[in-house]
file final32.pdb (PDB, C-alpha atoms and all ligand atoms)
ATOM      1  CA  MET A  39     -11.109 -18.297  24.540
ATOM      2  CA  ALA A  40     -11.195 -16.395  27.839
ATOM      3  CA  GLU A  41     -14.460 -16.509  29.752
ATOM      4  CA  GLU A  42     -16.266 -13.245  30.509
ATOM      5  CA  PRO A  43     -15.559 -12.242  34.110
ATOM      6  CA  CYS A  44     -18.592 -12.373  36.400
ATOM      7  CA  GLN A  45     -20.370  -9.003  36.741
ATOM      8  CA  CYS A  46     -22.417  -9.558  39.903
ATOM      9  CA  SER A  47     -22.209  -6.766  42.472
ATOM     10  CA  ASP A  48     -19.833  -8.701  44.774
ATOM     11  CA  CYS A  49     -17.420  -9.378  41.927
ATOM     12  CA  GLN A  50     -17.611  -5.793  40.706
ATOM     13  CA  LYS A  51     -16.822  -4.580  44.201
ATOM     14  CA  PHE A  52     -13.874  -6.983  44.260
ATOM     15  CA  TYR A  53     -12.511  -5.825  40.854
ATOM     16  CA  LYS A  54     -12.778  -2.218  41.977
ATOM     17  CA  GLU A  55     -10.941  -2.880  45.231
ATOM     18  CA  HIS A  56      -8.348  -5.060  43.474
ATOM     19  CA  ASP A  57      -7.587  -2.297  40.969
ATOM     20  CA  ARG A  58      -7.521   0.363  43.653
ATOM     21  CA  LEU A  59      -4.879  -1.583  45.588
ATOM     22  CA  ILE A  60      -2.731  -1.865  42.455
ATOM     23  CA  ARG A  61      -3.207   1.834  41.644
ATOM     24  CA  GLU A  62      -2.497   3.119  45.154
ATOM     25  CA  PHE A  63       0.312   0.648  45.956
ATOM     26  CA  PRO A  64       2.078   0.208  42.606
ATOM     27  CA  THR A  65       5.530  -0.923  43.795
ATOM     28  CA  PHE A  66       6.821  -4.229  45.124
ATOM     29  CA  LYS A  67       7.819  -2.545  48.383
ATOM     30  CA  GLN A  68       4.403  -0.914  48.830
ATOM     31  CA  GLN A  69       2.652  -4.235  48.213
ATOM     32  CA  GLN A  70       4.955  -5.911  50.765
ATOM     33  CA  GLU A  71       4.110  -3.269  53.370
ATOM     34  CA  LEU A  72       0.404  -3.240  52.565
ATOM     35  CA  ASN A  73       0.030  -7.004  52.816
ATOM     36  CA  TRP A  74       2.156  -7.247  55.928
ATOM     37  CA  ALA A  75       0.077  -4.548  57.656
ATOM     38  CA  SER A  76      -3.130  -6.187  56.463
ATOM     39  CA  ILE A  77      -2.209  -9.628  57.881
ATOM     40  CA  GLN A  78      -1.018  -8.057  61.123
ATOM     41  CA  SER A  79      -4.134  -5.968  61.659
ATOM     42  CA  PHE A  80      -6.386  -8.958  60.943
ATOM     43  CA  ARG A  81      -4.369 -11.047  63.429
ATOM     44  CA  THR A  82      -4.368  -8.338  66.112
ATOM     45  CA  LEU A  83      -8.131  -7.955  65.878
ATOM     46  CA  CYS A  84      -8.910 -11.709  65.847
ATOM     47  CA  THR A  85      -6.545 -12.395  68.756
ATOM     48  CA  LYS A  86      -8.048  -9.599  70.845
ATOM     49  CA  ILE A  87     -11.615 -10.796  70.181
ATOM     50  CA  THR A  88     -10.615 -14.384  71.014
ATOM     51  CA  ASP A  89      -9.061 -13.292  74.334
ATOM     52  CA  ASP A  90     -12.108 -11.201  75.155
ATOM     53  CA  LEU A  91     -14.591 -13.988  74.401
ATOM     54  CA  GLN A  92     -12.545 -16.494  76.428
ATOM     55  CA  LYS A  93     -12.545 -14.098  79.378
ATOM     56  CA  GLU A  94     -16.276 -13.534  79.069
ATOM     57  CA  LEU A  95     -16.976 -17.265  78.936
ATOM     58  CA  SER A  96     -14.878 -18.037  82.019
ATOM     59  CA  GLU A  97     -16.471 -15.141  83.938
ATOM     60  CA  ARG A  98     -19.890 -16.554  83.119
ATOM     61  CA  GLU A  99     -18.814 -19.976  84.351
ATOM     62  CA  SER A 100     -17.626 -18.608  87.694
ATOM     63  CA  ASN A 101     -20.608 -16.290  88.160
ATOM     64  CA  GLY A 102     -23.118 -19.030  87.453
ATOM     65  CA  ASP A 103     -26.500 -17.336  87.386
ATOM     66  CA  ILE A 104     -26.222 -14.178  85.307
ATOM     67  CA  ASN A 105     -29.509 -12.631  84.329
ATOM     68  CA  SER A 106     -30.184 -13.955  80.829
ATOM     69  CA  GLU A 107     -31.199 -10.445  79.719
ATOM     70  CA  GLU A 108     -27.616  -9.313  80.339
ATOM     71  CA  LYS A 109     -26.366 -11.901  77.863
ATOM     72  CA  HIS A 110     -26.337 -10.217  74.491
ATOM     73  CA  ILE A 111     -24.418 -13.175  73.109
ATOM     74  CA  SER A 112     -25.329 -16.750  74.068
ATOM     75  CA  ASP A 113     -22.754 -19.167  75.555
ATOM     76  CA  LEU A 114     -23.188 -21.421  72.523
ATOM     77  CA  GLU A 115     -22.571 -18.521  70.155
ATOM     78  CA  ILE A 116     -19.366 -17.678  72.033
ATOM     79  CA  SER A 117     -18.120 -21.290  72.034
ATOM     80  CA  GLU A 118     -18.774 -21.654  68.312
ATOM     81  CA  ALA A 119     -17.068 -18.343  67.531
ATOM     82  CA  LEU A 120     -14.068 -19.373  69.648
ATOM     83  CA  ASP A 121     -13.684 -22.606  67.659
ATOM     84  CA  GLU A 122     -13.820 -20.732  64.371
ATOM     85  CA  LEU A 123     -11.531 -17.921  65.498
ATOM     86  CA  GLU A 124      -8.946 -20.339  66.865
ATOM     87  CA  SER A 125      -8.555 -21.977  63.466
ATOM     88  CA  VAL A 126      -8.529 -18.589  61.721
ATOM     89  CA  ASN A 127      -5.773 -17.463  64.101
ATOM     90  CA  ALA A 128      -3.763 -20.601  63.280
ATOM     91  CA  TYR A 129      -4.141 -19.930  59.515
ATOM     92  CA  LEU A 130      -3.172 -16.285  59.959
ATOM     93  CA  TYR A 131      -0.098 -17.369  61.887
ATOM     94  CA  SER A 132       0.923 -19.610  58.946
ATOM     95  CA  ILE A 133       0.285 -16.823  56.431
ATOM     96  CA  GLU A 134       2.393 -14.509  58.550
ATOM     97  CA  ALA A 135       5.309 -16.966  58.436
ATOM     98  CA  LEU A 136       5.073 -17.029  54.602
ATOM     99  CA  MET A 137       4.657 -13.244  54.414
ATOM    100  CA  GLU A 138       7.850 -12.866  56.438
ATOM    101  CA  ARG A 139       9.738 -14.634  53.641
ATOM    102  CA  ILE A 140       8.162 -12.359  51.015
ATOM    103  CA  PHE A 141       8.890  -9.361  53.213
ATOM    104  CA  ASP A 142      12.630 -10.224  53.196
ATOM    105  CA  THR A 143      12.832  -9.982  49.392
ATOM    106  CA  LYS A 144      14.453  -6.833  47.984
ATOM    107  CA  ILE A 145      13.876  -5.484  44.482
ATOM    108  CA  SER A 146      16.137  -3.062  42.539
ATOM    109  CA  ASN A 147      14.949   0.437  41.571
ATOM    110  CA  ASN A 148      14.843  -0.498  37.876
ATOM    111  CA  ILE A 149      12.508  -3.370  38.590
ATOM    112  CA  GLU A 150      10.410  -1.085  40.809
ATOM    113  CA  THR A 151      10.019   1.252  37.824
ATOM    114  CA  LYS A 152       8.745  -1.719  35.826
ATOM    115  CA  PHE A 153       6.234  -2.433  38.603
ATOM    116  CA  ARG A 154       4.940   1.165  38.438
ATOM    117  CA  GLU A 155       4.585   1.002  34.636
ATOM    118  CA  ILE A 156       2.703  -2.287  34.628
ATOM    119  CA  ALA A 157       0.514  -1.151  37.547
ATOM    120  CA  LYS A 158      -0.616   1.845  35.477
ATOM    121  CA  GLU A 159      -1.583  -0.439  32.589
ATOM    122  CA  LEU A 160      -3.369  -2.940  34.820
ATOM    123  CA  ALA A 161      -5.324  -0.420  36.870
ATOM    124  CA  PRO A 162      -5.586   2.967  35.168
ATOM    125  CA  ASP A 163      -7.136   5.738  37.226
ATOM    126  CA  PRO A 164     -10.889   5.758  36.374
ATOM    127  CA  LEU A 165     -10.982   9.505  37.061
ATOM    128  CA  ASN A 166      -7.952  10.212  34.897
ATOM    129  CA  ILE A 167      -8.850  12.984  32.415
ATOM    130  CA  ASP A 168      -7.375  11.195  29.353
ATOM    131  CA  ARG A 169      -9.479   8.169  30.103
ATOM    132  CA  LEU A 170     -12.640  10.238  30.564
ATOM    133  CA  ILE A 171     -12.087  11.924  27.196
ATOM    134  CA  LEU A 172     -11.442   8.561  25.556
ATOM    135  CA  ASN A 173     -14.613   7.095  27.070
ATOM    136  CA  ARG A 174     -16.609  10.035  25.735
ATOM    137  CA  LEU A 175     -15.229   9.586  22.245
ATOM    138  CA  PHE A 176     -16.130   5.899  22.350
ATOM    139  CA  HIS A 177     -19.678   6.580  23.444
ATOM    140  CA  GLN A 178     -20.425   9.332  20.949
ATOM    141  CA  THR A 179     -21.659   7.881  17.695
ATOM    142  CA  PRO A 180     -22.971  10.261  14.970
ATOM    143  CA  ASP A 181     -26.645   9.632  15.754
ATOM    144  CA  SER A 182     -26.286   9.398  19.500
ATOM    145  CA  PRO A 183     -29.079  11.385  21.201
ATOM    146  CA  ASP A 184     -26.489  12.699  23.731
ATOM    147  CA  LYS A 185     -24.612  14.462  21.011
ATOM    148  CA  LYS A 186     -27.606  16.507  19.887
ATOM    149  CA  ASN A 187     -28.068  17.775  23.422
ATOM    150  CA  ILE A 188     -24.397  18.649  23.838
ATOM    151  CA  ASN A 189     -24.126  20.617  20.573
TER     152      ASN A 189
HETATM  153 ZN    ZN B 201     -19.725 -12.700  40.743
END
call {"tool": "encode", "arguments": {"input": "final32.pdb", "output": "structure tokens"}}
result
Amino acid sequence: MAEEPCQCSDCQKFYKEHDRLIREFPTFKQQQELNWASIQSFRTLCTKITDDLQKELSERESNGDINSEEKHISDLEISEALDELESVNAYLYSIEALMERIFDTKISNNIETKFREIAKELAPDPLNIDRLILNRLFHQTPDSPDKKNIN
């Protein structure tokens, strides 16, 4: 028997985002592009921050006595962040190499149609009118107090 999925607010946020990405990017090609752009933007940002922090740290070393009030971030905080970011950058580089392989894959139009169909089943539009009507029907039982107010 399948376990009930967790309903905490973090998980709910994740399910919502997961479904949105299926709904808005329902083809193989769109998912390729989305994930490629997502890895690249993450890498660009992390690399830029790493470079910036390294520069800041070396400037501090050469300037020696900077007023401690000017230091919004401590040297230790910068060193620790640099360690973390360097391993993240290495992981992102590996993911990028794998993504490149996925990015090279081509899918026929017929299979893309299948992707669109399944995407609709997996992540139906929550604001879709048919679904709203269906939800209403489900929630209206004969002695529901809502129904008295509506009629
Ligand atoms: Zn959870």
call {"tool": "residues_near_ligand", "arguments": {"input": "final32.pdb", "ligand": "ligand ZN 201 (chain B)", "cutoff": "7 Å", "atoms": "only C-alpha atoms and all ligand atoms", "output": "PyMOL selection string"}}
result
chain A and resi 44-49
call {"tool": "resolve_selection", "arguments": {"input": "final32.pdb", "expression": "the PyMOL selection byres (((chain A and resi 110-123) around 9) and not hetatm)", "output": "list in words"}}
result
Cys84, Thr85, Ile87, Thr88, Leu91, Gln92, Glu94, Leu95, Arg98, Ser106, Glu107, Glu108, Lys109, Glu124, Ser125, Val126, Asn127 and Ala128 of chain A
call {"tool": "closest_residue", "arguments": {"input": "final32.pdb", "among": "A:Lys67, A:Arg58, A:Lys51, A:Arg81", "to": "Tyr129 of chain A", "atoms": "only C-alpha atoms"}}
result
A:Arg81
call {"tool": "resolve_selection", "arguments": {"input": "final32.pdb", "expression": "the PyMOL selection byres (((chain A and resi 134) around 12) and not hetatm)", "output": "list in words"}}
result
Gln70, Asn73, Trp74, Ala75, Ser76, Ile77, Gln78, Ser79, Phe80, Arg81, Thr82, Asn127, Ala128, Tyr129, Leu130, Tyr131, Ser132, Ile133, Ala135, Leu136, Met137, Glu138, Arg139, Ile140 and Phe141 of chain A
call {"tool": "write_last_selection", "arguments": {"input": "final32.pdb", "atoms": "C-alpha atoms", "output": "compact mmCIF listing (two decimals), keeping the file's coordinate frame"}}
result
# COMPACT_ATOMS: atom_id res chain seq x y z
CA GLN A 70 4.96 -5.91 50.76
CA ASN A 73 0.03 -7.00 52.82
CA TRP A 74 2.16 -7.25 55.93
CA ALA A 75 0.08 -4.55 57.66
CA SER A 76 -3.13 -6.19 56.46
CA ILE A 77 -2.21 -9.63 57.88
CA GLN A 78 -1.02 -8.06 61.12
CA SER A 79 -4.13 -5.97 61.66
CA PHE A 80 -6.39 -8.96 60.94
CA ARG A 81 -4.37 -11.05 63.43
CA THR A 82 -4.37 -8.34 66.11
CA ASN A 127 -5.77 -17.46 64.10
CA ALA A 128 -3.76 -20.60 63.28
CA TYR A 129 -4.14 -19.93 59.52
CA LEU A 130 -3.17 -16.28 59.96
CA TYR A 131 -0.10 -17.37 61.89
CA SER A 132 0.92 -19.61 58.95
CA ILE A 133 0.28 -16.82 56.43
CA ALA A 135 5.31 -16.97 58.44
CA LEU A 136 5.07 -17.03 54.60
CA MET A 137 4.66 -13.24 54.41
CA GLU A 138 7.85 -12.87 56.44
CA ARG A 139 9.74 -14.63 53.64
CA ILE A 140 8.16 -12.36 51.02
CA PHE A 141 8.89 -9.36 53.21
call {"tool": "atom_distance", "arguments": {"input": "final32.pdb", "atom1": "atom CA of Leu160 of chain A", "atom2": "atom CA of Asp57 of chain A"}}
result
7.5 Å
call {"tool": "atom_distance", "arguments": {"input": "final32.pdb", "atom1": "atom CA of Ala157 of chain A", "atom2": "atom CA of Thr65 of chain A"}}
result
8.0 Å
call {"tool": "atom_distance", "arguments": {"input": "final32.pdb", "atom1": "atom CA of Asn166 of chain A", "atom2": "atom CA of Pro64 of chain A"}}
result
16.1 Å
call {"tool": "resolve_selection", "arguments": {"input": "final32.pdb", "expression": "the PyMOL selection byres (((chain A and resi 145-152) around 8) and not hetatm)", "output": "PDB file with C-alpha atoms, in the frame of the given file"}}
result
ATOM      1  CA  THR A  65       5.530  -0.923  43.795  1.00  0.00           C
ATOM      2  CA  PHE A  66       6.821  -4.229  45.124  1.00  0.00           C
ATOM      3  CA  LYS A  67       7.819  -2.545  48.383  1.00  0.00           C
ATOM      4  CA  THR A 143      12.832  -9.982  49.392  1.00  0.00           C
ATOM      5  CA  LYS A 144      14.453  -6.833  47.984  1.00  0.00           C
ATOM      6  CA  PHE A 153       6.234  -2.433  38.603  1.00  0.00           C
ATOM      7  CA  ARG A 154       4.940   1.165  38.438  1.00  0.00           C
ATOM      8  CA  GLU A 155       4.585   1.002  34.636  1.00  0.00           C
ATOM      9  CA  ILE A 156       2.703  -2.287  34.628  1.00  0.00           C
TER      10      ILE A 156
END
call {"tool": "closest_residue", "arguments": {"input": "final32.pdb", "among": "A:Asp142, A:Ala161, A:Gly102, A:Ser96", "to": "Tyr53 of chain A", "atoms": "all atoms listed in the file"}}
result
A:Ala161
call {"tool": "axis_aligned_box", "arguments": {"input": "final32.pdb", "around": "segment 40-53 of chain A", "padding_each_side": "8 Å", "output": "lines of an AutoDock Vina configuration file"}}
result
center_x = -16.8
center_y = -10.5
center_z = 36.3
size_x = 27.2
size_y = 27.9
size_z = 32.9
call {"tool": "closest_residue", "arguments": {"input": "final32.pdb", "among": "A:Ile60, A:Leu72, A:Ser100, A:Lys93", "to": "Glu159 of chain A", "atoms": "all atoms listed in the file"}}
result
A:Ile60
